[in-house]
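Below: the structure, in structure tokens.
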Amino acid sequence: MARILIIEDNPANIELMSFLLSAYGHSPLSAADGPRGVAAARSERPDLIACDVNLPGMDGFAVLAELKGDPALAGVPILAVTALAMTGDREKVLAAGFDGYISKPIEPESFVAELEAFLTPTPASAPVPAIATPPAPAQIQSTPATASTEAATTPAADARTLLLVDDDRFMLGVLNDMLIGQPYRVLSACSGEEALQVLSHEPVEVILCDQAMPGMRGTEVLAEAAVRYPKTVRLMLSGQPDLTDIEAAIKSGVADGHYIKPLGARALREQLDEAFRLQSSRRTG
């Protein structure tokens, strides 16, 4: 798979792009401004570069000129990431020497495929996961769970249960697809309040929770879960740079661990396997 450098000053955009690239097996690199992007390109020699046009200070056009002027990087495809808001923007981008462009806001369902089209040679990649339609949040019913909240391969009736909590439905879809075929049920909740409602109706062994959510933050959700369901294993998954609250939650025992986005499918499965082992020992201890 490819090493792809993202030069972008918006942390949320970097997080989303990196997460998508990792989910499809690529290795994302990132830089938050033009000078650091140029330095990263020279030191890391990526296979492709996606560069925001409207960077503060050294903008995308200046980054392009600097990189295309470097013989060692002249052959690396460089794509403009731009809103293309004004008439003639597309022509301006291509005339400047960009090899192509990605429109903002990016379309998560097609973003990786758009980048892969510019890779030479195109790396052999796995079929695109069916994540165009994310799963609906868990529905509280008298039955254990609905099909839309579980991984595609139905586990055994006595399978253990994982609860994913994230306010981004698309991210829930990506995580669910990473966990297809695993020997446990996967339930989803789109808010802290919904997660607590699921926990009140469903037996859950492991919780994997995003931190930055409207309403209840992830650490608040896990604090409630720790009081009500102390034998659960409670994990954070976050791409936010400020880890103060998460580190405090881990130190106090509210959270059992923290994983940084983006997290590839293999690493995610390994971490969750370990979490279920921890929960088993906690239950019998």
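Chain identifiers are assigned as A, B, and so on, following the order in which chains appear in the structure tokens; residues are numbered from 1 within each chain, and ligands are numbered from 1 in order of appearance.
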From a DSSP pass on the backbone, collect the residues of region 144-254 of chain A flagged as strand (DSSP E) and hand them back as a PDB file with N, CA and C atoms, in the first residue's frame.
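Heads up, here's the output in part.pdb:
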```pdb
ATOM      1  N   ARG A 160     -19.872 -12.465  23.146  1.00  0.00           N
ATOM      2  CA  ARG A 160     -19.652 -11.246  23.919  1.00  0.00           C
ATOM      3  C   ARG A 160     -20.004 -10.038  23.048  1.00  0.00           C
ATOM      4  N   THR A 161     -20.067  -8.857  23.663  1.00  0.00           N
ATOM      5  CA  THR A 161     -20.579  -7.683  22.964  1.00  0.00           C
ATOM      6  C   THR A 161     -19.644  -6.486  23.122  1.00  0.00           C
ATOM      7  N   LEU A 162     -19.428  -5.804  22.016  1.00  0.00           N
ATOM      8  CA  LEU A 162     -18.672  -4.553  21.966  1.00  0.00           C
ATOM      9  C   LEU A 162     -19.646  -3.431  21.647  1.00  0.00           C
ATOM     10  N   LEU A 163     -19.500  -2.307  22.324  1.00  0.00           N
ATOM     11  CA  LEU A 163     -20.282  -1.112  22.033  1.00  0.00           C
ATOM     12  C   LEU A 163     -19.365  -0.026  21.488  1.00  0.00           C
ATOM     13  N   LEU A 164     -19.641   0.431  20.266  1.00  0.00           N
ATOM     14  CA  LEU A 164     -18.918   1.545  19.657  1.00  0.00           C
ATOM     15  C   LEU A 164     -19.722   2.820  19.870  1.00  0.00           C
ATOM     16  N   VAL A 165     -19.052   3.891  20.308  1.00  0.00           N
ATOM     17  CA  VAL A 165     -19.739   5.159  20.565  1.00  0.00           C
ATOM     18  C   VAL A 165     -19.014   6.266  19.808  1.00  0.00           C
ATOM     19  N   TYR A 184     -17.651 -11.529  18.120  1.00  0.00           N
ATOM     20  CA  TYR A 184     -18.443 -10.812  19.108  1.00  0.00           C
ATOM     21  C   TYR A 184     -19.439  -9.905  18.403  1.00  0.00           C
ATOM     22  N   ARG A 185     -20.515  -9.599  19.127  1.00  0.00           N
ATOM     23  CA  ARG A 185     -21.501  -8.663  18.583  1.00  0.00           C
ATOM     24  C   ARG A 185     -20.922  -7.251  18.621  1.00  0.00           C
ATOM     25  N   VAL A 186     -21.358  -6.436  17.665  1.00  0.00           N
ATOM     26  CA  VAL A 186     -20.944  -5.036  17.636  1.00  0.00           C
ATOM     27  C   VAL A 186     -22.204  -4.174  17.615  1.00  0.00           C
ATOM     28  N   LEU A 187     -22.396  -3.406  18.675  1.00  0.00           N
ATOM     29  CA  LEU A 187     -23.493  -2.449  18.756  1.00  0.00           C
ATOM     30  C   LEU A 187     -22.931  -1.045  18.579  1.00  0.00           C
ATOM     31  N   SER A 188     -23.778  -0.120  18.143  1.00  0.00           N
ATOM     32  CA  SER A 188     -23.337   1.253  17.887  1.00  0.00           C
ATOM     33  C   SER A 188     -24.252   2.248  18.568  1.00  0.00           C
ATOM     34  N   ALA A 189     -23.675   3.359  19.010  1.00  0.00           N
ATOM     35  CA  ALA A 189     -24.441   4.470  19.571  1.00  0.00           C
ATOM     36  C   ALA A 189     -23.836   5.766  19.069  1.00  0.00           C
ATOM     37  N   VAL A 206     -17.178  -4.708  26.415  1.00  0.00           N
ATOM     38  CA  VAL A 206     -16.149  -3.725  26.053  1.00  0.00           C
ATOM     39  C   VAL A 206     -16.816  -2.515  25.407  1.00  0.00           C
ATOM     40  N   ILE A 207     -16.370  -1.328  25.810  1.00  0.00           N
ATOM     41  CA  ILE A 207     -16.867  -0.067  25.235  1.00  0.00           C
ATOM     42  C   ILE A 207     -15.690   0.641  24.574  1.00  0.00           C
ATOM     43  N   LEU A 208     -15.853   1.044  23.318  1.00  0.00           N
ATOM     44  CA  LEU A 208     -14.846   1.834  22.606  1.00  0.00           C
ATOM     45  C   LEU A 208     -15.507   3.155  22.237  1.00  0.00           C
ATOM     46  N   CYS A 209     -15.031   4.239  22.838  1.00  0.00           N
ATOM     47  CA  CYS A 209     -15.768   5.500  22.810  1.00  0.00           C
ATOM     48  C   CYS A 209     -14.905   6.653  22.296  1.00  0.00           C
ATOM     49  N   ASP A 210     -15.474   7.434  21.386  1.00  0.00           N
ATOM     50  CA  ASP A 210     -14.833   8.665  20.923  1.00  0.00           C
ATOM     51  C   ASP A 210     -14.897   9.704  22.043  1.00  0.00           C
ATOM     52  N   VAL A 233     -14.787  -3.214  30.206  1.00  0.00           N
ATOM     53  CA  VAL A 233     -13.505  -2.624  29.818  1.00  0.00           C
ATOM     54  C   VAL A 233     -13.834  -1.398  28.982  1.00  0.00           C
ATOM     55  N   ARG A 234     -13.284  -0.264  29.387  1.00  0.00           N
ATOM     56  CA  ARG A 234     -13.671   1.020  28.821  1.00  0.00           C
ATOM     57  C   ARG A 234     -12.465   1.668  28.132  1.00  0.00           C
ATOM     58  N   LEU A 235     -12.608   1.858  26.816  1.00  0.00           N
ATOM     59  CA  LEU A 235     -11.491   2.330  25.990  1.00  0.00           C
ATOM     60  C   LEU A 235     -11.869   3.617  25.270  1.00  0.00           C
ATOM     61  N   MET A 236     -10.865   4.484  25.095  1.00  0.00           N
ATOM     62  CA  MET A 236     -11.041   5.720  24.332  1.00  0.00           C
ATOM     63  C   MET A 236     -10.381   5.571  22.963  1.00  0.00           C
ATOM     64  N   LEU A 237     -11.028   6.144  21.939  1.00  0.00           N
ATOM     65  CA  LEU A 237     -10.449   6.227  20.602  1.00  0.00           C
ATOM     66  C   LEU A 237     -10.611   7.666  20.143  1.00  0.00           C
ATOM     67  N   SER A 238      -9.484   8.377  19.986  1.00  0.00           N
ATOM     68  CA  SER A 238      -9.585   9.807  19.709  1.00  0.00           C
ATOM     69  C   SER A 238      -8.400  10.290  18.891  1.00  0.00           C
TER      70      SER A 238
END
```
Which residue gives the smallest distance to Asp177 (chain A) among A:Asp242, A:Pro71, A:Ile102, A:Ala265, with only C-alpha atoms counted?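 Of A:Asp242, A:Pro71, A:Ile102, A:Ala265, the one nearest Asp177 (chain A), counting only C-alpha atoms, is A:Ala265.
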From the list A:Ala12, A:Leu278, A:Thr219, A:Pro108, which residue is nearest His258 (chain A) when using only C-alpha atoms? A:Thr219
Report as a PyMOL selection string all protein, DNA and RNA residues lying within 12 Å of Pro214 (chain A), evaluated on only C-alpha atoms, omitting residues in the same chain fewer than 3 positions from it. chain A and resi 166-168+190-193+210-211+217-218+220-221
Just write the chosen residues, all heavy atoms, as a compact mmCIF listing (two decimals), in the first residue's frame.
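So again_10.txt came out as:
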```txt
# COMPACT_ATOMS: atom_id res chain seq x y z
N ASP A 166 -19.71 6.88 18.86
CA ASP A 166 -19.12 7.97 18.07
C ASP A 166 -20.27 8.76 17.45
O ASP A 166 -21.23 8.17 16.95
CB ASP A 166 -18.21 7.42 16.98
CG ASP A 166 -17.25 8.47 16.41
OD1 ASP A 166 -17.73 9.59 16.08
OD2 ASP A 166 -16.05 8.20 16.31
N ASP A 167 -20.19 10.09 17.50
CA ASP A 167 -21.26 10.89 16.93
C ASP A 167 -21.21 10.96 15.41
O ASP A 167 -22.16 11.44 14.78
CB ASP A 167 -21.22 12.32 17.51
CG ASP A 167 -19.93 13.04 17.17
OD1 ASP A 167 -18.85 12.48 17.44
OD2 ASP A 167 -19.99 14.16 16.64
N ASP A 168 -20.14 10.47 14.81
CA ASP A 168 -20.00 10.47 13.35
C ASP A 168 -20.47 9.11 12.82
O ASP A 168 -19.81 8.09 13.01
CB ASP A 168 -18.54 10.71 12.98
CG ASP A 168 -18.34 10.91 11.47
OD1 ASP A 168 -19.07 10.27 10.69
OD2 ASP A 168 -17.45 11.69 11.09
N CYS A 190 -24.69 6.74 18.76
CA CYS A 190 -24.23 7.99 18.16
C CYS A 190 -24.08 9.14 19.16
O CYS A 190 -23.82 10.27 18.76
CB CYS A 190 -25.19 8.41 17.05
SG CYS A 190 -25.14 7.33 15.61
N SER A 191 -24.26 8.86 20.45
CA SER A 191 -24.08 9.90 21.47
C SER A 191 -23.86 9.22 22.81
O SER A 191 -24.13 8.02 22.98
CB SER A 191 -25.32 10.80 21.55
OG SER A 191 -26.44 10.07 22.07
N GLY A 192 -23.40 9.99 23.77
CA GLY A 192 -23.20 9.45 25.11
C GLY A 192 -24.51 9.02 25.74
O GLY A 192 -24.58 7.96 26.37
N GLU A 193 -25.54 9.83 25.55
CA GLU A 193 -26.83 9.50 26.13
C GLU A 193 -27.37 8.20 25.54
O GLU A 193 -27.92 7.35 26.25
CB GLU A 193 -27.82 10.65 25.88
CG GLU A 193 -27.47 11.95 26.59
CD GLU A 193 -26.39 12.77 25.90
OE1 GLU A 193 -25.92 12.36 24.81
OE2 GLU A 193 -26.02 13.81 26.45
N ASP A 210 -15.47 7.43 21.39
CA ASP A 210 -14.83 8.66 20.92
C ASP A 210 -14.90 9.70 22.04
O ASP A 210 -15.80 9.67 22.89
CB ASP A 210 -15.56 9.16 19.67
CG ASP A 210 -14.89 10.38 19.05
OD1 ASP A 210 -13.65 10.46 19.11
OD2 ASP A 210 -15.60 11.24 18.51
N GLN A 211 -13.95 10.63 22.04
CA GLN A 211 -13.93 11.65 23.08
C GLN A 211 -14.73 12.88 22.70
O GLN A 211 -15.57 13.34 23.47
CB GLN A 211 -12.48 12.05 23.40
CG GLN A 211 -12.32 13.28 24.28
CD GLN A 211 -12.82 13.10 25.71
OE1 GLN A 211 -13.52 12.15 26.03
NE2 GLN A 211 -12.46 14.03 26.57
N ARG A 217 -19.16 14.18 26.69
CA ARG A 217 -17.89 13.80 26.11
C ARG A 217 -17.59 12.34 26.46
O ARG A 217 -18.19 11.77 27.37
CB ARG A 217 -16.77 14.72 26.62
CG ARG A 217 -16.93 16.15 26.15
CD ARG A 217 -15.95 17.09 26.80
NE ARG A 217 -14.57 16.78 26.45
CZ ARG A 217 -13.98 17.15 25.31
NH1 ARG A 217 -14.66 17.85 24.41
NH2 ARG A 217 -12.72 16.86 25.07
N GLY A 218 -16.66 11.76 25.73
CA GLY A 218 -16.36 10.35 25.92
C GLY A 218 -15.96 10.00 27.34
O GLY A 218 -16.39 8.98 27.89
N GLU A 220 -16.89 11.45 30.03
CA GLU A 220 -18.09 11.50 30.88
C GLU A 220 -18.92 10.23 30.73
O GLU A 220 -19.47 9.71 31.70
CB GLU A 220 -18.92 12.73 30.52
CG GLU A 220 -18.23 14.04 30.81
CD GLU A 220 -19.01 15.24 30.31
OE1 GLU A 220 -19.58 15.16 29.20
OE2 GLU A 220 -19.05 16.25 31.02
N VAL A 221 -18.99 9.72 29.48
CA VAL A 221 -19.72 8.47 29.22
C VAL A 221 -19.06 7.33 29.99
O VAL A 221 -19.72 6.54 30.67
CB VAL A 221 -19.75 8.15 27.72
CG1 VAL A 221 -20.43 6.80 27.47
CG2 VAL A 221 -20.46 9.25 26.94
```
Skipping near chain neighbours, those fewer than 6 positions away, what residues fall within 7 Å of region 7-9 of chain A using only C-alpha atoms, listed as a compact mmCIF listing (two decimals) with N, CA, C and O atoms, in the first residue's frame?
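Output file around27.txt is given in full below:
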```txt
# COMPACT_ATOMS: atom_id res chain seq x y z
N SER A 30 1.19 13.42 7.77
CA SER A 30 0.50 14.70 7.76
C SER A 30 1.43 15.83 8.17
O SER A 30 2.41 15.63 8.89
N ALA A 31 1.09 17.02 7.68
CA ALA A 31 1.79 18.24 8.05
C ALA A 31 0.76 19.36 8.09
O ALA A 31 -0.14 19.41 7.25
N ALA A 32 0.90 20.26 9.06
CA ALA A 32 -0.14 21.25 9.32
C ALA A 32 0.08 22.58 8.58
O ALA A 32 -0.76 23.47 8.68
N ASP A 33 1.19 22.72 7.88
CA ASP A 33 1.40 23.95 7.10
C ASP A 33 2.37 23.66 5.96
O ASP A 33 2.94 22.56 5.85
N GLY A 34 2.56 24.66 5.09
CA GLY A 34 3.39 24.47 3.91
C GLY A 34 4.84 24.12 4.18
O GLY A 34 5.36 23.13 3.64
N GLY A 37 5.13 20.71 5.43
CA GLY A 37 4.76 19.78 4.37
C GLY A 37 5.92 19.54 3.42
O GLY A 37 6.20 18.40 3.02
N ALA A 50 -1.37 15.06 -1.01
CA ALA A 50 -2.62 15.81 -1.12
C ALA A 50 -2.44 17.10 -0.34
O ALA A 50 -2.22 17.07 0.88
N CYS A 51 -2.52 18.23 -1.02
CA CYS A 51 -2.17 19.52 -0.41
C CYS A 51 -3.33 20.51 -0.50
O CYS A 51 -3.86 20.77 -1.58
N ASP A 52 -3.72 21.04 0.65
CA ASP A 52 -4.72 22.10 0.68
C ASP A 52 -4.18 23.32 -0.07
O ASP A 52 -3.00 23.68 0.08
N LEU A 55 -3.62 27.22 2.29
CA LEU A 55 -2.87 27.17 3.53
C LEU A 55 -2.46 28.58 3.96
O LEU A 55 -2.16 29.43 3.10
```
Given only C-alpha atoms as the basis, pick out the residue of A:Glu247, A:Asn10, A:Ala226, A:Val174 nearest to Pro56 (chain A). A:Asn10
In Å to one decimal, how far is CA of Met17 (chain A) from CA of Tyr101 (chain A)?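 Interatomic distance here is 14.6 Å.
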Which neighbours of Ser22 (chain A) fall inside 9 Å, counting only C-alpha atoms, when residues of the same chain fewer than 3 positions from it are skipped, and could you give them as a PyMOL selection string? chain A and resi 17-19+25-28+262-265
Go ahead and write the residues just picked, N, CA and C atoms, as an mmCIF file, in the first residue's frame.
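Done, and the output landed in part_10.cif:
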```cif
data_model
loop_
_atom_site.group_PDB
_atom_site.id
_atom_site.type_symbol
_atom_site.label_atom_id
_atom_site.label_comp_id
_atom_site.auth_asym_id
_atom_site.auth_seq_id
_atom_site.Cartn_x
_atom_site.Cartn_y
_atom_site.Cartn_z
ATOM 1 N N MET A 17 -9.206 12.304 6.879
ATOM 2 C CA MET A 17 -8.451 11.752 5.754
ATOM 3 C C MET A 17 -7.526 10.627 6.203
ATOM 4 N N SER A 18 -6.847 10.842 7.315
ATOM 5 C CA SER A 18 -5.922 9.821 7.831
ATOM 6 C C SER A 18 -6.668 8.554 8.213
ATOM 7 N N PHE A 19 -7.818 8.733 8.844
ATOM 8 C CA PHE A 19 -8.610 7.580 9.254
ATOM 9 C C PHE A 19 -9.038 6.761 8.038
ATOM 10 N N GLY A 25 -5.827 0.536 4.271
ATOM 11 C CA GLY A 25 -4.516 -0.093 4.234
ATOM 12 C C GLY A 25 -3.351 0.799 3.869
ATOM 13 N N HIS A 26 -3.587 2.081 3.642
ATOM 14 C CA HIS A 26 -2.498 2.999 3.309
ATOM 15 C C HIS A 26 -1.863 3.562 4.582
ATOM 16 N N SER A 27 -0.698 4.190 4.423
ATOM 17 C CA SER A 27 0.021 4.791 5.553
ATOM 18 C C SER A 27 -0.025 6.308 5.424
ATOM 19 N N PRO A 28 -0.884 6.981 6.194
ATOM 20 C CA PRO A 28 -0.980 8.433 6.086
ATOM 21 C C PRO A 28 0.134 9.149 6.848
ATOM 22 N N PRO A 262 -5.553 7.738 13.351
ATOM 23 C CA PRO A 262 -6.217 6.578 12.757
ATOM 24 C C PRO A 262 -5.634 5.271 13.284
ATOM 25 N N LEU A 263 -6.482 4.251 13.371
ATOM 26 C CA LEU A 263 -6.074 2.928 13.826
ATOM 27 C C LEU A 263 -6.478 1.931 12.754
ATOM 28 N N GLY A 264 -5.516 1.177 12.230
ATOM 29 C CA GLY A 264 -5.796 0.211 11.177
ATOM 30 C C GLY A 264 -6.623 -0.955 11.678
ATOM 31 N N ALA A 265 -7.205 -1.697 10.727
ATOM 32 C CA ALA A 265 -8.103 -2.794 11.082
ATOM 33 C C ALA A 265 -7.398 -3.859 11.916
#
```
Using only C-alpha atoms for the distances, tell me which of A:Ala275, A:Ala225, A:Leu268, A:Ile49 is nearest to Leu175 (chain A).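 For Leu175 (chain A), the nearest of the candidates is A:Leu268.
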Would you compute the distance between CA of Ala80 (chain A) and CA of Met1 (chain A)? Give it in Å to one decimal.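 Atom-to-atom, CA of Ala80 (chain A) and CA of Met1 (chain A) are spaced 21.2 Å apart.
Closest to Asp70 (chain A) among A:Leu29, A:Ser200, A:Ala41, A:Pro183 is A:Ala41, based on only C-alpha atoms.
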Return the single residue from A:Gly173, A:Gly253, A:Gly88, A:Pro35 that is closest to Met58 (chain A), with distances computed using only C-alpha atoms.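 Comparing A:Gly173, A:Gly253, A:Gly88, A:Pro35 against Met58 (chain A), the winner is A:Pro35.
Note that CA of Pro11 (chain A) and CA of Ala248 (chain A) are 22.8 Å apart.
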